[in-house]
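So this block is protein-v6.json, JSON, C-alpha atoms:
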```json
[["chain", "number", "residue", "atom", "x", "y", "z"],
["A", 1, "MET", "CA", -30.98, -43.19, -36.19],
["A", 2, "ALA", "CA", -31.46, -43.32, -39.94],
["A", 3, "THR", "CA", -28.51, -44.17, -42.18],
["A", 4, "ALA", "CA", -28.65, -40.88, -44.07],
["A", 5, "LEU", "CA", -28.56, -38.67, -40.97],
["A", 6, "LEU", "CA", -25.82, -40.71, -39.30],
["A", 7, "ALA", "CA", -23.70, -40.69, -42.47],
["A", 8, "VAL", "CA", -24.05, -36.92, -42.74],
["A", 9, "LEU", "CA", -23.10, -36.33, -39.11],
["A", 10, "VAL", "CA", -20.06, -38.63, -39.26],
["A", 11, "SER", "CA", -18.83, -37.06, -42.50],
["A", 12, "ILE", "CA", -19.20, -33.50, -41.21],
["A", 13, "ILE", "CA", -17.47, -34.31, -37.92],
["A", 14, "LEU", "CA", -14.56, -36.03, -39.66],
["A", 15, "SER", "CA", -14.18, -33.25, -42.22],
["A", 16, "HIS", "CA", -14.20, -30.51, -39.59],
["A", 17, "SER", "CA", -12.23, -32.15, -36.79],
["A", 18, "LEU", "CA", -9.66, -33.98, -38.95],
["A", 19, "PRO", "CA", -9.04, -31.70, -41.96],
["A", 20, "GLU", "CA", -5.79, -33.52, -42.72],
["A", 21, "LEU", "CA", -7.91, -36.43, -43.95],
["A", 22, "GLY", "CA", -8.78, -34.21, -46.89],
["A", 23, "ARG", "CA", -5.58, -35.44, -48.49],
["A", 24, "LEU", "CA", -7.45, -38.67, -49.23],
["A", 25, "ARG", "CA", -9.75, -36.84, -51.64],
["A", 26, "HIS", "CA", -7.84, -37.51, -54.84],
["A", 27, "TYR", "CA", -9.54, -37.22, -58.22],
["A", 28, "GLY", "CA", -6.57, -38.17, -60.36],
["A", 29, "TRP", "CA", -8.47, -41.27, -61.47],
["A", 30, "PHE", "CA", -11.25, -39.03, -62.80],
["A", 31, "GLU", "CA", -8.84, -36.79, -64.70],
["A", 32, "GLY", "CA", -7.25, -39.89, -66.25],
["A", 33, "TRP", "CA", -10.71, -41.20, -67.16],
["A", 34, "LEU", "CA", -11.56, -37.90, -68.88],
["A", 35, "ARG", "CA", -8.28, -37.90, -70.79],
["A", 36, "GLY", "CA", -8.93, -41.42, -72.03],
["A", 37, "ASP", "CA", -6.06, -43.17, -70.22],
["A", 38, "PHE", "CA", -8.29, -46.16, -69.40],
["A", 39, "ASN", "CA", -11.51, -45.08, -71.05],
["A", 40, "PRO", "CA", -12.80, -47.03, -74.10],
["A", 41, "PHE", "CA", -15.51, -44.41, -74.74],
["A", 42, "ALA", "CA", -13.17, -41.43, -75.25],
["A", 43, "SER", "CA", -12.83, -42.07, -78.99],
["A", 44, "SER", "CA", -16.57, -42.34, -79.64],
["A", 45, "THR", "CA", -18.63, -39.77, -81.51],
["A", 46, "LEU", "CA", -20.93, -39.34, -78.51],
["A", 47, "TRP", "CA", -17.97, -38.38, -76.29],
["A", 48, "ALA", "CA", -17.16, -35.35, -78.45],
["A", 49, "GLY", "CA", -20.72, -34.00, -78.40],
["A", 50, "ARG", "CA", -23.06, -32.40, -75.88],
["A", 51, "TYR", "CA", -24.16, -35.78, -74.55],
["A", 52, "GLY", "CA", -20.68, -37.02, -73.78],
["A", 53, "GLY", "CA", -21.50, -36.67, -70.12],
["A", 54, "CYS", "CA", -23.47, -39.89, -70.42],
["A", 55, "TRP", "CA", -20.05, -41.58, -70.57],
["A", 56, "SER", "CA", -17.76, -39.26, -68.61],
["A", 57, "ILE", "CA", -20.09, -38.76, -65.62],
["A", 58, "GLY", "CA", -22.76, -41.37, -66.23],
["A", 59, "VAL", "CA", -20.53, -44.44, -66.17],
["A", 60, "PRO", "CA", -18.84, -43.92, -62.76],
["A", 61, "VAL", "CA", -22.10, -42.71, -61.22],
["A", 62, "ALA", "CA", -24.01, -45.69, -62.64],
["A", 63, "VAL", "CA", -21.40, -48.12, -61.27],
["A", 64, "LEU", "CA", -21.74, -46.55, -57.83],
["A", 65, "ALA", "CA", -25.53, -46.55, -58.06],
["A", 66, "LEU", "CA", -25.47, -50.27, -58.88],
["A", 67, "LEU", "CA", -23.24, -50.94, -55.87],
["A", 68, "GLN", "CA", -25.55, -48.82, -53.72],
["A", 69, "PHE", "CA", -28.53, -50.87, -54.90],
["A", 70, "LEU", "CA", -26.80, -54.21, -54.30],
["A", 71, "LEU", "CA", -25.87, -53.25, -50.74],
["A", 72, "TRP", "CA", -29.34, -51.98, -49.88],
["A", 73, "GLY", "CA", -30.77, -53.87, -46.89],
["A", 74, "GLN", "CA", -27.74, -56.12, -46.45],
["A", 75, "ALA", "CA", -26.31, -56.90, -42.97],
["A", 76, "TYR", "CA", -28.78, -54.62, -41.16],
["A", 77, "GLY", "CA", -27.84, -51.67, -43.36],
["A", 78, "PHE", "CA", -24.20, -51.42, -42.23],
["A", 79, "PRO", "CA", -22.65, -51.80, -45.74],
["A", 80, "SER", "CA", -25.01, -49.10, -47.05],
["A", 81, "PHE", "CA", -24.10, -46.82, -44.15],
["A", 82, "LEU", "CA", -20.39, -47.39, -44.70],
["A", 83, "LEU", "CA", -20.66, -46.70, -48.44],
["A", 84, "ALA", "CA", -22.74, -43.56, -47.86],
["A", 85, "THR", "CA", -20.34, -42.22, -45.23],
["A", 86, "LEU", "CA", -17.21, -42.88, -47.28],
["A", 87, "LEU", "CA", -18.63, -41.32, -50.45],
["A", 88, "LEU", "CA", -20.07, -38.29, -48.67],
["A", 89, "PHE", "CA", -16.76, -37.68, -46.93],
["A", 90, "TYR", "CA", -14.89, -38.18, -50.21],
["A", 91, "CYS", "CA", -17.10, -35.68, -52.04],
["A", 92, "TRP", "CA", -17.16, -33.11, -49.21],
["A", 93, "GLY", "CA", -14.73, -30.24, -49.52],
["A", 94, "PRO", "CA", -12.19, -30.95, -50.95],
["A", 95, "ARG", "CA", -10.51, -28.71, -48.37],
["A", 96, "ASP", "CA", -11.76, -27.46, -45.02],
["A", 97, "LEU", "CA", -13.65, -24.23, -45.71],
["A", 98, "ASP", "CA", -13.12, -22.94, -42.17],
["A", 99, "ALA", "CA", -9.36, -23.31, -42.59],
["A", 100, "ASP", "CA", -9.40, -21.39, -45.87],
["A", 101, "ILE", "CA", -11.46, -18.60, -44.30],
["A", 102, "GLY", "CA", -9.11, -18.58, -41.32],
["A", 103, "ALA", "CA", -6.15, -18.10, -43.65],
["A", 104, "VAL", "CA", -7.72, -14.84, -44.83],
["A", 105, "THR", "CA", -8.64, -13.53, -41.39],
["A", 106, "GLN", "CA", -5.30, -14.46, -39.81],
["A", 107, "ALA", "CA", -3.08, -13.15, -42.60],
["A", 108, "ALA", "CA", -0.42, -10.68, -41.46],
["A", 109, "ASP", "CA", -1.11, -7.91, -43.99],
["A", 110, "ARG", "CA", -3.36, -6.90, -46.86],
["A", 111, "ASP", "CA", -1.30, -8.61, -49.58],
["A", 112, "ALA", "CA", -1.37, -11.87, -47.65],
["A", 113, "ARG", "CA", -5.14, -11.57, -47.18],
["A", 114, "VAL", "CA", -5.67, -11.01, -50.90],
["A", 115, "GLN", "CA", -3.49, -14.02, -51.71],
["A", 116, "ALA", "CA", -5.34, -16.23, -49.21],
["A", 117, "LEU", "CA", -8.68, -15.15, -50.66],
["A", 118, "GLN", "CA", -7.70, -16.49, -54.09],
["A", 119, "GLU", "CA", -7.39, -20.00, -52.60],
["A", 120, "ILE", "CA", -11.06, -20.30, -51.64],
["A", 121, "PRO", "CA", -12.48, -20.89, -55.16],
["A", 122, "SER", "CA", -11.79, -24.18, -56.94],
["A", 123, "ASP", "CA", -9.32, -22.53, -59.32],
["A", 124, "PRO", "CA", -7.50, -19.22, -58.76],
["A", 125, "PRO", "CA", -9.94, -16.67, -60.26],
["A", 126, "VAL", "CA", -9.13, -14.40, -63.20],
["A", 127, "PRO", "CA", -9.15, -11.49, -62.56],
["A", 128, "PRO", "CA", -8.13, -11.93, -58.91],
["A", 129, "LEU", "CA", -10.81, -11.41, -56.28],
["A", 130, "ALA", "CA", -10.87, -7.98, -54.68],
["A", 131, "LEU", "CA", -10.80, -7.56, -50.92],
["A", 132, "ASP", "CA", -14.16, -5.91, -50.35],
["A", 133, "GLY", "CA", -17.20, -6.91, -48.31],
["A", 134, "ARG", "CA", -19.39, -7.87, -51.26],
["A", 135, "THR", "CA", -16.71, -10.14, -52.74],
["A", 136, "LEU", "CA", -15.99, -11.76, -49.40],
["A", 137, "VAL", "CA", -19.63, -12.68, -48.84],
["A", 138, "ASP", "CA", -20.15, -13.95, -52.39],
["A", 139, "THR", "CA", -16.94, -16.01, -52.28],
["A", 140, "VAL", "CA", -17.80, -17.71, -48.98],
["A", 141, "PHE", "CA", -21.32, -18.58, -50.06],
["A", 142, "ARG", "CA", -20.25, -19.85, -53.47],
["A", 143, "ALA", "CA", -17.65, -22.04, -51.77],
["A", 144, "ALA", "CA", -20.21, -23.26, -49.21],
["A", 145, "LEU", "CA", -22.57, -24.22, -52.04],
["A", 146, "THR", "CA", -19.99, -26.18, -54.02],
["A", 147, "ARG", "CA", -18.14, -27.71, -51.05],
["A", 148, "TRP", "CA", -21.01, -28.48, -48.68],
["A", 149, "PHE", "CA", -24.59, -27.87, -49.65],
["A", 150, "GLY", "CA", -24.58, -28.99, -53.28],
["A", 151, "VAL", "CA", -23.05, -32.32, -52.30],
["A", 152, "LEU", "CA", -25.35, -32.67, -49.30],
["A", 153, "PHE", "CA", -28.52, -31.85, -51.24],
["A", 154, "TRP", "CA", -27.90, -34.45, -53.93],
["A", 155, "PHE", "CA", -26.71, -36.98, -51.36],
["A", 156, "LEU", "CA", -29.99, -36.66, -49.48],
["A", 157, "LEU", "CA", -31.92, -36.96, -52.72],
["A", 158, "LEU", "CA", -30.02, -39.78, -54.48],
["A", 159, "GLY", "CA", -27.67, -41.23, -51.89],
["A", 160, "ALA", "CA", -23.96, -41.78, -52.48],
["A", 161, "ALA", "CA", -24.47, -41.71, -56.25],
["A", 162, "GLY", "CA", -25.99, -38.24, -55.97],
["A", 163, "ALA", "CA", -23.00, -36.92, -54.03],
["A", 164, "LEU", "CA", -20.58, -38.32, -56.62],
["A", 165, "LEU", "CA", -22.70, -36.96, -59.48],
["A", 166, "TYR", "CA", -22.55, -33.44, -58.07],
["A", 167, "ARG", "CA", -18.83, -33.52, -57.30],
["A", 168, "LEU", "CA", -17.75, -34.86, -60.70],
["A", 169, "VAL", "CA", -19.90, -32.34, -62.56],
["A", 170, "GLN", "CA", -18.59, -29.54, -60.36],
["A", 171, "LEU", "CA", -14.98, -30.52, -61.00],
["A", 172, "VAL", "CA", -15.48, -30.28, -64.76],
["A", 173, "ALA", "CA", -17.47, -27.06, -64.50],
["A", 174, "GLN", "CA", -15.10, -25.14, -62.22],
["A", 175, "SER", "CA", -11.63, -26.64, -62.66],
["A", 176, "GLU", "CA", -9.62, -25.95, -65.80],
["A", 177, "ALA", "CA", -7.52, -29.10, -65.28],
["A", 178, "PHE", "CA", -10.59, -31.32, -65.73],
["A", 179, "ARG", "CA", -12.38, -29.16, -68.26],
["A", 180, "SER", "CA", -9.38, -29.02, -70.59],
["A", 181, "ALA", "CA", -9.41, -32.82, -70.83],
["A", 182, "LEU", "CA", -12.75, -32.77, -72.67],
["A", 183, "PRO", "CA", -13.97, -31.56, -76.07],
["A", 184, "ARG", "CA", -15.55, -28.08, -75.92],
["A", 185, "ALA", "CA", -19.16, -29.17, -76.50],
["A", 186, "HIS", "CA", -18.86, -31.94, -73.90],
["A", 187, "ALA", "CA", -17.41, -29.59, -71.26],
["A", 188, "ASP", "CA", -19.93, -26.81, -71.98],
["A", 189, "ALA", "CA", -22.85, -29.21, -71.53],
["A", 190, "LEU", "CA", -21.51, -30.29, -68.13],
["A", 191, "ARG", "CA", -21.13, -26.65, -67.10],
["A", 192, "GLU", "CA", -24.81, -26.16, -67.92],
["A", 193, "LEU", "CA", -25.64, -29.28, -65.93],
["A", 194, "HIS", "CA", -23.72, -27.87, -62.98],
["A", 195, "VAL", "CA", -25.93, -24.78, -63.01],
["A", 196, "LEU", "CA", -29.01, -27.01, -62.94],
["A", 197, "LEU", "CA", -27.61, -29.06, -60.05],
["A", 198, "ASP", "CA", -26.74, -25.91, -58.09],
["A", 199, "TRP", "CA", -30.14, -24.26, -58.48],
["A", 200, "PRO", "CA", -32.27, -26.35, -56.06],
["A", 201, "ALA", "CA", -29.49, -26.48, -53.47],
["A", 202, "ALA", "CA", -29.12, -22.68, -53.67],
["A", 203, "GLN", "CA", -32.89, -22.28, -53.22],
["A", 204, "MET", "CA", -32.81, -24.47, -50.11],
["A", 205, "MET", "CA", -29.84, -22.52, -48.77],
["A", 206, "THR", "CA", -31.76, -19.27, -49.25],
["A", 207, "LEU", "CA", -34.84, -20.63, -47.48],
["A", 208, "SER", "CA", -32.67, -21.87, -44.61],
["A", 209, "MET", "CA", -30.93, -18.50, -44.47],
["A", 210, "ALA", "CA", -34.32, -16.83, -44.03],
["A", 211, "LEU", "CA", -34.95, -19.08, -41.04],
["A", 212, "ALA", "CA", -31.45, -18.63, -39.60],
["A", 213, "ALA", "CA", -31.13, -14.85, -40.12],
["A", 214, "ASP", "CA", -33.49, -11.99, -41.07],
["A", 215, "PHE", "CA", -36.47, -13.54, -42.84],
["A", 216, "ASP", "CA", -37.84, -10.26, -44.20],
["A", 217, "ALA", "CA", -34.47, -9.10, -45.55],
["A", 218, "VAL", "CA", -33.80, -12.44, -47.25],
["A", 219, "ALA", "CA", -37.28, -12.66, -48.75],
["A", 220, "GLN", "CA", -37.13, -9.08, -50.02],
["A", 221, "SER", "CA", -33.69, -9.55, -51.59],
["A", 222, "TRP", "CA", -34.87, -12.80, -53.24],
["A", 223, "ARG", "CA", -37.87, -11.01, -54.77],
["A", 224, "ASP", "CA", -35.84, -7.95, -55.77],
["A", 225, "PHE", "CA", -33.27, -10.10, -57.56],
["A", 226, "HIS", "CA", -35.88, -11.88, -59.68],
["A", 227, "HIS", "CA", -37.80, -8.70, -60.41],
["A", 228, "GLY", "CA", -34.54, -7.00, -61.37],
["A", 229, "ILE", "CA", -33.60, -9.53, -64.03],
["A", 230, "GLY", "CA", -37.20, -9.83, -65.24],
["A", 231, "GLN", "CA", -37.08, -13.51, -66.19],
["A", 232, "GLY", "CA", -39.39, -15.03, -63.63],
["A", 233, "TYR", "CA", -38.67, -17.05, -60.52],
["A", 234, "LEU", "CA", -37.39, -20.15, -62.33],
["A", 235, "VAL", "CA", -34.39, -18.47, -63.96],
["A", 236, "ARG", "CA", -31.26, -20.61, -63.56],
["A", 237, "ASP", "CA", -29.12, -17.72, -62.31],
["A", 238, "ILE", "CA", -28.32, -18.36, -58.62],
["A", 239, "GLY", "CA", -27.48, -14.73, -57.92],
["A", 240, "PHE", "CA", -30.46, -14.67, -55.56],
["A", 241, "LEU", "CA", -28.36, -16.67, -53.07],
["A", 242, "PHE", "CA", -25.62, -14.05, -52.98],
["A", 243, "ALA", "CA", -28.13, -11.19, -52.87],
["A", 244, "ALA", "CA", -29.81, -12.81, -49.86],
["A", 245, "ALA", "CA", -26.45, -13.43, -48.20],
["A", 246, "ARG", "CA", -25.40, -9.79, -48.60],
["A", 247, "ALA", "CA", -28.74, -8.71, -47.17],
["A", 248, "SER", "CA", -28.03, -10.85, -44.09],
["A", 249, "VAL", "CA", -24.44, -9.68, -43.62],
["A", 250, "ASP", "CA", -22.90, -6.24, -43.12],
["A", 251, "ALA", "CA", -21.19, -6.24, -46.51],
["A", 252, "GLU", "CA", -19.76, -3.07, -48.01],
["A", 253, "ASP", "CA", -18.14, -2.56, -51.42],
["A", 254, "GLU", "CA", -15.21, -0.49, -50.15],
["A", 255, "ASP", "CA", -11.73, -1.95, -50.46],
["A", 256, "LEU", "CA", -10.40, -3.26, -47.15],
["A", 257, "ASP", "CA", -7.26, -1.55, -45.91],
["A", 258, "ASP", "CA", -4.89, -2.61, -43.15],
["A", 259, "GLU", "CA", -6.05, -0.02, -40.62],
["A", 260, "ALA", "CA", -9.66, -1.16, -40.79],
["A", 261, "ALA", "CA", -8.98, -4.87, -41.18],
["A", 262, "ASN", "CA", -10.55, -5.97, -37.91],
["A", 263, "THR", "CA", -13.78, -4.15, -38.76],
["A", 264, "THR", "CA", -13.93, -4.66, -42.50],
["A", 265, "LEU", "CA", -13.30, -8.39, -42.27],
["A", 266, "LEU", "CA", -16.50, -8.60, -40.23],
["A", 267, "PRO", "CA", -18.51, -9.71, -43.33],
["A", 268, "LEU", "CA", -16.19, -12.71, -43.61],
["A", 269, "HIS", "CA", -16.76, -13.73, -39.99],
["A", 270, "GLN", "CA", -20.51, -13.19, -40.31],
["A", 271, "SER", "CA", -20.65, -15.20, -43.53],
["A", 272, "GLN", "CA", -18.80, -18.07, -41.88],
["A", 273, "SER", "CA", -21.18, -18.01, -38.92],
["A", 274, "LEU", "CA", -24.20, -17.85, -41.21],
["A", 275, "ILE", "CA", -23.26, -20.85, -43.36],
["A", 276, "TRP", "CA", -22.86, -22.91, -40.19],
["A", 277, "ARG", "CA", -26.30, -21.78, -39.00],
["A", 278, "ILE", "CA", -27.72, -22.80, -42.38],
["A", 279, "LEU", "CA", -26.07, -26.21, -41.98],
["A", 280, "VAL", "CA", -27.66, -26.56, -38.53],
["A", 281, "VAL", "CA", -31.07, -25.80, -40.05],
["A", 282, "TRP", "CA", -30.52, -28.50, -42.67],
["A", 283, "MET", "CA", -29.55, -31.00, -39.98],
["A", 284, "ALA", "CA", -32.58, -30.08, -37.86],
["A", 285, "VAL", "CA", -34.93, -30.54, -40.82],
["A", 286, "LEU", "CA", -33.27, -33.83, -41.71],
["A", 287, "ALA", "CA", -33.68, -35.04, -38.13],
["A", 288, "LEU", "CA", -37.38, -34.12, -38.21],
["A", 289, "LEU", "CA", -37.80, -36.03, -41.48],
["A", 290, "VAL", "CA", -36.11, -39.04, -39.92],
["A", 291, "LEU", "CA", -38.36, -38.87, -36.85],
["A", 292, "ALA", "CA", -41.40, -38.60, -39.12],
["A", 293, "GLY", "CA", -40.27, -41.72, -40.95],
["A", 294, "TRP", "CA", -39.92, -40.02, -44.34],
["A", 295, "ILE", "CA", -36.19, -40.75, -44.65],
["A", 296, "GLY", "CA", -34.78, -44.17, -43.84]]
```
Kindly return the structure encoded in the file as C-alpha cells.
Amino acid sequence: MATALLAVLVSIILSHSLPELGRLRHYGWFEGWLRGDFNPFASSTLWAGRYGGCWSIGVPVAVLALLQFLLWGQAYGFPSFLLATLLLFYCWGPRDLDADIGAVTQAADRDARVQALQEIPSDPPVPPLALDGRTLVDTVFRAALTRWFGVLFWFLLLGAAGALLYRLVQLVAQSEAFRSALPRAHADALRELHVLLDWPAAQMMTLSMALAADFDAVAQSWRDFHHGIGQGYLVRDIGFLFAAARASVDAEDEDLDDEAANTTLLPLHQSQSLIWRILVVWMAVLALLVLAGWIG
C-alpha cells in the first residue's frame, strides 16, 4: 500500500479512536516564533509587510520540506512514512470533531447546547452562534474543512509540508491568539492565503458531497450560489460548500427549542454523517489512484 494512503488511514484511526492524543498537538512553539521569542526575522522590514509570511510560514514549512526531501526513498520508505504520519496526525484536528458535535447533541438543555456549539469553531465566535438548522450545518462543514479536508487536500498534494502549510496559515487566519502576534498587513495577507488554500479543498468536498448525497441538489445549489453572486465560478468565496451542504441536509432556520430538540438537532446528525461519507469518498478515490499507480 502506498505511503500516502497508509499515512492517512493511520492518522485518521488514531485521531478518531484515541482522541486524548490530541493533547500532543501543541502550537506554542509557533506562537513564540510569531512573537519573535526565537525568531531573527521578526525585526525585519519584510516581516511587517504583506510578504512577511515568507518568514513566518515559509521558514518552518521549508525546513520540513527539506527534511521530507532528504528522507525520500531512504530505508524502503519507512522514514518518509513515519514523517508523513506524524505530521498529518499533528495537523489533524486539533480536537476530535465527533466529540465536539456529541457535546452539542448530548447537552442537557438549550443553554448547554448553545454553549457547546461555540466550542466547535477555532475561536469562540462573536456574535455567538445561534441554535438553528442553517447555523448547525454551516458550522459543522466549516469545521470539517479546517480540521480534516483542508489538511488532507494539501497533504495529498504536497506531503507533510503541505499539511503543515495549511495548519499554520489556518491558525493565523482563524485564531486571535496567533493573529495578534503579527503586524496587521502580515496577518491580513495570511488570511487571504487561507481563503486561497480553502478554495480547492472546498470544491473537492462539494464534488464528493454530490457523489455521497443528492447529486442534482448539490449541483443546483452550487450553480445557484455562483449565479446569485454574479462573479463567475472562480470567485474565492466558499459559500457554495455551505449552500450545497444545506441542500443535502434537512436544515431549517427556526431557533431550536427544548421540546423539539430531538427533531431539530437532526441537521447536526445528518451533517456529521455526511462529512464522514465525504471522507469515505476521498479515501476510495485515493485508493483508486494508488492502484492506478498515480500516487506512490
My list of candidates is A:Val8, A:Val249, A:Leu24, A:Met205. Which is closest to Leu265 of chain A when distances are computed with only C-alpha atoms?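 When distances to Leu265 of chain A are compared using only C-alpha atoms, the smallest one comes from A:Val249.
One finds atom CA of Ala42 of chain A at 8.4 Å from atom CA of Ser56 of chain A.
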Would you mind reading off the distance between atom CA of His26 of chain A and atom CA of Ile278 of chain A, one decimal, in Å? 27.7 Å
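Counting from atom CA of Leu5 of chain A, the distance to atom CA of Met204 of chain A is 17.4 Å.
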Select, from A:Val235, A:His186, A:Val290, A:Trp282, the residue with the minimum atom-to-atom distance to Gly52 of chain A, counting only C-alpha atoms.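 For Gly52 of chain A, the nearest of the given residues is A:His186.
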Who sits within 12 Å of Gly28 of chain A, all atoms listed in the file, same chain under 4 positions skipped, as a list in words: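 These residues fall inside the cut-off: Leu24, Gly32, Trp33, Leu34, Arg35, Asp37, Leu168, Leu171, Ala177 and Phe178 of chain A.
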Output the selection as a JSON list (two decimals), keeping the file's coordinate frame - C-alpha atoms for each residue.
```json
[["chain", "number", "residue", "atom", "x", "y", "z"],
["A", 24, "LEU", "CA", -7.45, -38.67, -49.23],
["A", 32, "GLY", "CA", -7.25, -39.89, -66.25],
["A", 33, "TRP", "CA", -10.71, -41.20, -67.16],
["A", 34, "LEU", "CA", -11.56, -37.90, -68.88],
["A", 35, "ARG", "CA", -8.28, -37.90, -70.79],
["A", 37, "ASP", "CA", -6.06, -43.17, -70.22],
["A", 168, "LEU", "CA", -17.75, -34.86, -60.70],
["A", 171, "LEU", "CA", -14.98, -30.52, -61.00],
["A", 177, "ALA", "CA", -7.52, -29.10, -65.28],
["A", 178, "PHE", "CA", -10.59, -31.32, -65.73]]
```
For Val104 of chain A, work out the shell of residues within 9 Å, counting all atoms listed in the file and skipping chain neighbours fewer than 5 positions away, then give it as a ChimeraX atom specification. /A:99,112-117,265,268
Residues near Glu192 of chain A, cut-off 12 Å, only C-alpha atoms, skip fewer than 2 positions along chain, as a ChimeraX atom specification: /A:50-51,53,169-170,172-174,185-190,194-199,236-237
Nearby residues (all atoms listed in the file) at most 12 Å from segment 9-20 of chain A, same-chain spacing under 6 positions excluded, as a VMD selection string: chain A and resid 1 to 3 81 to 100 147 to 149 151 to 152 155 276 279 to 280 282 to 284 286 to 287
Show me the residues around (-30.3, -41.7, -49.4) - criterion: an atom at most 8 Å away, all atoms listed in the file counted - as a list of chain:residue names.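 Checking each residue against the 8 Å limit leaves A:Thr3, A:Ala4, A:Ala84, A:Phe155, A:Leu156, A:Leu157, A:Leu158, A:Gly159, A:Ala160, A:Ile295, A:Gly296.
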Just the selected residues (C-alpha atoms), exported as a CSV table (one decimal), in the frame of the given file, please.
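Contents of the output file out_29.csv:
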```
chain,number,residue,atom,x,y,z
A,3,THR,CA,-28.5,-44.2,-42.2
A,4,ALA,CA,-28.6,-40.9,-44.1
A,84,ALA,CA,-22.7,-43.6,-47.9
A,155,PHE,CA,-26.7,-37.0,-51.4
A,156,LEU,CA,-30.0,-36.7,-49.5
A,157,LEU,CA,-31.9,-37.0,-52.7
A,158,LEU,CA,-30.0,-39.8,-54.5
A,159,GLY,CA,-27.7,-41.2,-51.9
A,160,ALA,CA,-24.0,-41.8,-52.5
A,295,ILE,CA,-36.2,-40.8,-44.6
A,296,GLY,CA,-34.8,-44.2,-43.8
```
I'd like the contact shell of segment 60-70 of chain A - 7 Å cut-off, only C-alpha atoms, skipping same-chain residues fewer than 3 positions apart - returned as a ChimeraX atom specification. /A:57,80,161,164-165
Hey, which of A:Thr45, A:Gln272, A:Gln106, A:Gln74 ends up closest to Arg142 of chain A? Count all atoms listed in the file.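 Distance minimum relative to Arg142 of chain A lands on A:Gln272.
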When you count only C-alpha atoms, which of these residues is closest to Leu207 of chain A: A:Leu241, A:Leu266, A:Arg23, A:Arg179?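 Looking at the shortest contact to Leu207 of chain A, the residue is A:Leu241.
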If you take every atom of segment 13-16 of chain A that the file lists and fit an axis-aligned box around them with 6 Å extra on each side, what centre and edge lengths come out in Å to one decimal, as AutoDock Vina command-line options?
```
--center_x -15.8 --center_y -33.3 --center_z -40.1 --size_x 15.3 --size_y 17.5 --size_z 16.3
```
